[in-house]
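Here's the structure we're looking at; comments come further down.
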Amino acid sequence: MDNNLELAIKDAITADDLKRVDQESKYRLLAQKETKLDLDSLENRPRRILGESSTTTHTYRLNTKGLVSEELIKDDTMLVVGLGLSLCDSHDNTKLEIKKALRNQKLAHPEAAELAAIIHGLKWALELGVESIQFFCDDSNILGYVTRKAAPNESIAAKLLEQVSLLQTRFTSFQALAVSRDISSVIKLAKDAIASQTRWWEGDTEYESCPVCYAYVSPDDKFEVRGCFHRICVTCMRKPFSSEQLVRGNTAICPYPDCENDLVPEDCRGFADADAITLMIQRKKEKAIPVKDRVYCPNPCCSFLMSDLDLIRHVGNNPRQSEARKCMECGLSFCKKCHVPWHYKKTCDEFKKSESYLKSDAALLESFVKTQGWKKCSQCQSIVQHGGGCKQMTCRHCKHEFCYTCGAACKKKKLTCKCSRSGK
């Protein structure tokens with residue numbers, strides 16, 4: 001076996017090699033100190049520590065996660081491996097959790113990291129005296145390897161799988177199953193293990209690079225995004241709120257490159273003002289309602305957003321009232337089509353010919369839109385302004401594509417009308 005490969009596998013299954021004095025072992029030893037389980041406190045009676053009787057064999061549940069991430073450490077980019085382990089009782093109550101950082105580049109492969117996490121988890125359970133275990137995996141490929149329904153292609157994964165098989169035989173009962181619960185806490189442990197390796201000291205100050213602006217910042221000046229667990233400096237976290245992103249109808253997302261994870265409003269109060277948080281909540285609510293079902297109260301003092309599916313329940317079966325809606329916030333009865341207070345005893349066509357409509361804000365807006373040569377999106381009724389060039393337009397609110405000249409909808413991103421794309 002290749003010597004480097006042998007060392008990589010040994011690193012995945014033992015802790016003794018942390019005594020090496022090279023630079024790699026120093027980093028690994030630091031991570032081990034952060035996550036080392038205090039086995040001396042177990043007093044060789046693991047079941048008592050786990051809250052179980054020492055005379056009965058109980059089945060425990062093991063959740064593991066191994067992650068590989070490309071991280072910027074000072075001025076260098078490198079692959080970093082982090083492991084998260086969770087041991088639960090038969091009722092899925094978490095009893096013990098640990099994280100571990102690995103810097104061996106031979107394990108910087110997704111499958112190798114996952115298998116290394118399993119190995120650490122099984123060894124950990126054996127050290128605690130666990131005899132019967134159920135192992136849960138969220139990766140179908142890894143689950144297939146462990147259950148021998150598939151074989152890995154990578155040599156490092158194959159060697160690690162051999163170690164998993166050997167450890168299985170040391171349990172009186174072993175089951176490998178697909179995940180049955182939320183393992184976000186285990187993923188966070190693995191992410192934390194990765195984050196612990198991205199820091200360095202300059203004198204008495206600890207630093208960490210921001211993956212967005214590449215600035216050196218204190219770990220205390222970093223914000224961890226819920227869900228994706230990216231750690232971003234507070235300055236970069238303010239950018240989604242200072243830009244036009246929210247004003248234009250978009251939700252605030254994690255600023256990490258290519259990440260689409262939505263930010264949670266409650267988590268952002270430390271760096272976003274109250275108005276931005278309110279707008280953020282509004283945008284998240286909008287995103288949860290399909291564009292065609294969005295209805296806004298026409299009352300200028302309300303403008304409450306509702307789903308038409310909820311409002312339908314508040315009107316009767318009278319055909320003349322098919323467009324009648326009632327605001328769930330201020331109680332105003334209004335016409336969904338005309339965007340004005342409800343016009344009793346008149347149809348929409350009749351009302352639009354009345355003096356009441358001609359003096360309404362809705363009529364003034366319609367007149368202004370026509371005067372400016374603007375159009376309304378036929379799908380969401382948002383006002384669309386053509387800035388020049390191609391007449392094939394995409395509504396920024398609902399992404400509906402249509403011809404700006406005649407309003408005809410596009411199919412397969414092509415105009416269906418005979419209008420020229422240039423508008424000539």
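Every chain in the structure tokens takes a letter, A first, then B, and so on in the order presented; its residues are numbered from 1, and the ligands are numbered from 1 following the presented order.
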
- Tell me, which residues of region 111-327 of chain A carry DSSP helix (DSSP H, G or I), written as a PyMOL selection string? chain A and resi 111-127+140-146+155-168+184-195+219-221+234-237+239-242+265-268+274-288+291-293+308-314+319-321

- Task: Mind the document's chain letters and residue numbers, and return as a PyMOL selection string the residues of region 46-167 of chain A that DSSP labels strand (DSSP E).
- Result: chain A and resi 59-73+76-88+94-102+132-137

- For Gly84 (chain A), please output as JSON, numbers by chain all residues within 10 Å (counting only C-alpha atoms; exclusion window: fewer than 2 positions along the same chain). {"A": [63, 64, 65, 66, 67, 82, 86, 97, 98, 99, 100, 101, 114, 117, 118, 120, 121, 183, 185, 186, 187, 188, 189, 190, 191, 192, 193]}

What would the file look like if the residues just selected were written as a PDB file, in the first residue's frame with C-alpha atoms?
```
ATOM      1  CA  ASN A  63     -25.422  10.264  13.219  1.00  0.00           C
ATOM      2  CA  THR A  64     -22.230  11.392  11.502  1.00  0.00           C
ATOM      3  CA  LYS A  65     -21.278  13.982   8.927  1.00  0.00           C
ATOM      4  CA  GLY A  66     -18.003  14.522   7.133  1.00  0.00           C
ATOM      5  CA  LEU A  67     -17.625  17.712   5.087  1.00  0.00           C
ATOM      6  CA  GLY A  82     -14.553  18.662   9.421  1.00  0.00           C
ATOM      7  CA  SER A  86     -23.949  12.690  17.526  1.00  0.00           C
ATOM      8  CA  GLU A  97     -22.033  15.417  20.481  1.00  0.00           C
ATOM      9  CA  ILE A  98     -18.451  16.097  19.368  1.00  0.00           C
ATOM     10  CA  LYS A  99     -16.676  17.663  16.411  1.00  0.00           C
ATOM     11  CA  LYS A 100     -13.269  16.884  14.944  1.00  0.00           C
ATOM     12  CA  ALA A 101     -11.023  18.690  12.469  1.00  0.00           C
ATOM     13  CA  GLU A 114     -17.989  10.818   5.160  1.00  0.00           C
ATOM     14  CA  ALA A 117     -16.676  10.450  10.133  1.00  0.00           C
ATOM     15  CA  ILE A 118     -18.302   7.006  10.339  1.00  0.00           C
ATOM     16  CA  HIS A 120     -14.584   8.085  14.230  1.00  0.00           C
ATOM     17  CA  GLY A 121     -18.208   7.679  15.261  1.00  0.00           C
ATOM     18  CA  ILE A 183     -29.271  16.295  11.360  1.00  0.00           C
ATOM     19  CA  SER A 185     -26.964  20.049  14.387  1.00  0.00           C
ATOM     20  CA  VAL A 186     -24.492  17.393  13.219  1.00  0.00           C
ATOM     21  CA  ILE A 187     -23.787  19.351  10.022  1.00  0.00           C
ATOM     22  CA  LYS A 188     -23.146  22.431  12.152  1.00  0.00           C
ATOM     23  CA  LEU A 189     -20.632  20.470  14.247  1.00  0.00           C
ATOM     24  CA  ALA A 190     -18.744  19.566  11.062  1.00  0.00           C
ATOM     25  CA  LYS A 191     -18.892  23.183   9.889  1.00  0.00           C
ATOM     26  CA  ASP A 192     -17.613  24.362  13.277  1.00  0.00           C
ATOM     27  CA  ALA A 193     -14.726  21.901  12.996  1.00  0.00           C
TER      28      ALA A 193
END
```

- Message: I'd like the neighbourhood of Ser218 (chain A) as a ChimeraX atom specification, where a residue qualifies if any of its atoms comes within 9 Å (using only C-alpha atoms), though same-chain residues fewer than 6 positions away should be ignored.
- Response: /A:199,205-209,233

Save out the residues we just selected, N, CA and C atoms, as an mmCIF file, in the first residue's frame.
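Result file follows (again.cif):
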```cif
data_model
loop_
_atom_site.group_PDB
_atom_site.id
_atom_site.type_symbol
_atom_site.label_atom_id
_atom_site.label_comp_id
_atom_site.auth_asym_id
_atom_site.auth_seq_id
_atom_site.Cartn_x
_atom_site.Cartn_y
_atom_site.Cartn_z
ATOM 1 N N ARG A 199 -8.535 29.744 11.424
ATOM 2 C CA ARG A 199 -8.074 30.867 12.254
ATOM 3 C C ARG A 199 -6.573 30.773 12.499
ATOM 4 N N THR A 205 -3.641 38.482 18.960
ATOM 5 C CA THR A 205 -4.926 38.636 18.277
ATOM 6 C C THR A 205 -5.201 37.459 17.347
ATOM 7 N N GLU A 206 -6.415 36.929 17.435
ATOM 8 C CA GLU A 206 -6.838 35.825 16.577
ATOM 9 C C GLU A 206 -7.582 36.388 15.369
ATOM 10 N N TYR A 207 -7.275 35.827 14.201
ATOM 11 C CA TYR A 207 -7.890 36.309 12.973
ATOM 12 C C TYR A 207 -8.533 35.162 12.190
ATOM 13 N N GLU A 208 -9.404 35.580 11.264
ATOM 14 C CA GLU A 208 -10.087 34.645 10.382
ATOM 15 C C GLU A 208 -10.429 35.414 9.115
ATOM 16 N N SER A 209 -10.280 34.797 7.943
ATOM 17 C CA SER A 209 -10.564 35.483 6.680
ATOM 18 C C SER A 209 -12.047 35.462 6.378
ATOM 19 N N CYS A 233 -18.150 38.169 7.530
ATOM 20 C CA CYS A 233 -17.910 39.317 8.394
ATOM 21 C C CYS A 233 -19.153 40.205 8.430
#
```

- If you count only C-alpha atoms, which residues fall within 6 Å of region 171-173 of chain A, apart from same-chain ones fewer than 3 positions away, as an MDAnalysis selection string? chainID A and resid 131:132 168

- Quote the spacing between CA of Pro257 (chain A) and CA of Asp220 (chain A) in Å to one decimal place. 21.5 Å

- Contacts of region 394-407 of chain A at 8 Å (only C-alpha atoms; same-chain gap of 6+ positions) as number ranges by chain: A: 249, 291, 375, 377-380, 382, 384, 386, 413, 415, 417, 419, 423

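Here CA of Lys391 (chain A) is placed at a distance of 13.9 Å from CA of Lys376 (chain A).
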
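Reported to one decimal place, the separation of CA of Gln105 (chain A) from CA of Leu79 (chain A) is 7.1 Å.
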
- Contacts of region 224-228 of chain A at 12 Å (only C-alpha atoms; same-chain gap of 2+ positions) as an MDAnalysis selection string: chainID A and resid 182:188 190:192 195 210 219:222 230:234 236:237 252:268

What would the file look like if the residues just selected were written as a PDB file, in the first residue's frame with C-alpha atoms?
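Writing the result to part-v7.pdb gives the following:
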```pdb
ATOM      1  CA  ASP A 182     -33.073  16.441  11.171  1.00  0.00           C
ATOM      2  CA  ILE A 183     -29.271  16.295  11.360  1.00  0.00           C
ATOM      3  CA  SER A 184     -28.600  20.025  10.947  1.00  0.00           C
ATOM      4  CA  SER A 185     -26.964  20.049  14.387  1.00  0.00           C
ATOM      5  CA  VAL A 186     -24.492  17.393  13.219  1.00  0.00           C
ATOM      6  CA  ILE A 187     -23.787  19.351  10.022  1.00  0.00           C
ATOM      7  CA  LYS A 188     -23.146  22.431  12.152  1.00  0.00           C
ATOM      8  CA  ALA A 190     -18.744  19.566  11.062  1.00  0.00           C
ATOM      9  CA  LYS A 191     -18.892  23.183   9.889  1.00  0.00           C
ATOM     10  CA  ASP A 192     -17.613  24.362  13.277  1.00  0.00           C
ATOM     11  CA  ALA A 195     -14.115  26.953  10.980  1.00  0.00           C
ATOM     12  CA  CYS A 210     -13.918  36.590   5.341  1.00  0.00           C
ATOM     13  CA  PRO A 219     -13.902  35.558  14.838  1.00  0.00           C
ATOM     14  CA  ASP A 220     -16.131  37.670  17.099  1.00  0.00           C
ATOM     15  CA  ASP A 221     -16.832  39.952  14.120  1.00  0.00           C
ATOM     16  CA  LYS A 222     -18.133  37.069  12.031  1.00  0.00           C
ATOM     17  CA  HIS A 230     -21.258  30.189   6.187  1.00  0.00           C
ATOM     18  CA  ARG A 231     -19.253  32.567   8.379  1.00  0.00           C
ATOM     19  CA  ILE A 232     -19.283  36.091   6.941  1.00  0.00           C
ATOM     20  CA  CYS A 233     -17.910  39.317   8.394  1.00  0.00           C
ATOM     21  CA  VAL A 234     -20.533  41.733   9.720  1.00  0.00           C
ATOM     22  CA  CYS A 236     -20.402  42.059   4.261  1.00  0.00           C
ATOM     23  CA  MET A 237     -23.595  40.944   6.010  1.00  0.00           C
ATOM     24  CA  ALA A 252     -32.031  38.779   1.373  1.00  0.00           C
ATOM     25  CA  ILE A 253     -29.697  35.836   0.841  1.00  0.00           C
ATOM     26  CA  CYS A 254     -26.347  34.753   2.215  1.00  0.00           C
ATOM     27  CA  PRO A 255     -23.605  36.824   0.512  1.00  0.00           C
ATOM     28  CA  TYR A 256     -21.282  33.799   0.222  1.00  0.00           C
ATOM     29  CA  PRO A 257     -20.476  33.240  -3.495  1.00  0.00           C
ATOM     30  CA  ASP A 258     -23.171  31.141  -5.258  1.00  0.00           C
ATOM     31  CA  CYS A 259     -25.105  30.548  -2.009  1.00  0.00           C
ATOM     32  CA  GLU A 260     -28.891  30.924  -2.320  1.00  0.00           C
ATOM     33  CA  ASN A 261     -29.724  30.381   1.343  1.00  0.00           C
ATOM     34  CA  ASP A 262     -32.303  32.900   2.621  1.00  0.00           C
ATOM     35  CA  LEU A 263     -31.371  34.943   5.678  1.00  0.00           C
ATOM     36  CA  VAL A 264     -33.633  34.670   8.737  1.00  0.00           C
ATOM     37  CA  PRO A 265     -35.017  38.108   9.751  1.00  0.00           C
ATOM     38  CA  GLU A 266     -34.701  37.455  13.493  1.00  0.00           C
ATOM     39  CA  ASP A 267     -30.993  36.668  13.086  1.00  0.00           C
ATOM     40  CA  CYS A 268     -30.226  39.939  11.289  1.00  0.00           C
TER      41      CYS A 268
END
```

Please build the interface table for region 44-144 of chain A against region 153-165 of chain A with a cut-off of 10 Å, listing for each qualifying residue the nearest atom pair and the distance in Å to one decimal; count only C-alpha atoms, order rows by chain and increasing number, and write it as a tab-separated table.
```
residue	atom	partner	partner_atom	distance
A:Lys106	CA	A:Ile156	CA	7.6
A:Leu107	CA	A:Ile156	CA	7.8
A:His109	CA	A:Ala157	CA	8.9
A:Pro110	CA	A:Ala157	CA	9.5
A:Glu111	CA	A:Ala157	CA	6.3
A:Ala112	CA	A:Ala157	CA	5.2
A:Ala113	CA	A:Ala157	CA	8.8
A:Glu114	CA	A:Ala157	CA	9.2
A:Leu115	CA	A:Leu160	CA	6.3
A:Ala116	CA	A:Leu160	CA	6.9
A:Ile118	CA	A:Val164	CA	7.2
A:Ile119	CA	A:Val164	CA	5.8
A:His120	CA	A:Val164	CA	9.5
A:Leu122	CA	A:Val164	CA	8.0
A:Lys123	CA	A:Val164	CA	9.5
A:Ile142	CA	A:Leu161	CA	9.3
```

Residues of the last selection are to be written out with C-alpha atoms, as a PDB file, in the first residue's frame.
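part-v7.pdb, freshly written:
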```pdb
ATOM      1  CA  LYS A 106      -5.781  12.452   1.467  1.00  0.00           C
ATOM      2  CA  LEU A 107      -9.144  12.724   3.251  1.00  0.00           C
ATOM      3  CA  HIS A 109     -12.626  14.075  -0.750  1.00  0.00           C
ATOM      4  CA  PRO A 110     -16.395  14.018   0.004  1.00  0.00           C
ATOM      5  CA  GLU A 111     -16.682  10.225   0.232  1.00  0.00           C
ATOM      6  CA  ALA A 112     -13.457   9.867   2.212  1.00  0.00           C
ATOM      7  CA  ALA A 113     -14.618  12.533   4.669  1.00  0.00           C
ATOM      8  CA  GLU A 114     -17.989  10.818   5.160  1.00  0.00           C
ATOM      9  CA  LEU A 115     -16.354   7.442   5.762  1.00  0.00           C
ATOM     10  CA  ALA A 116     -13.785   8.996   8.114  1.00  0.00           C
ATOM     11  CA  ILE A 118     -18.302   7.006  10.339  1.00  0.00           C
ATOM     12  CA  ILE A 119     -15.045   5.450  11.530  1.00  0.00           C
ATOM     13  CA  HIS A 120     -14.584   8.085  14.230  1.00  0.00           C
ATOM     14  CA  LEU A 122     -18.053   3.883  15.556  1.00  0.00           C
ATOM     15  CA  LYS A 123     -14.769   3.991  17.486  1.00  0.00           C
ATOM     16  CA  ILE A 142     -22.205   5.987   1.377  1.00  0.00           C
TER      17      ILE A 142
END
```
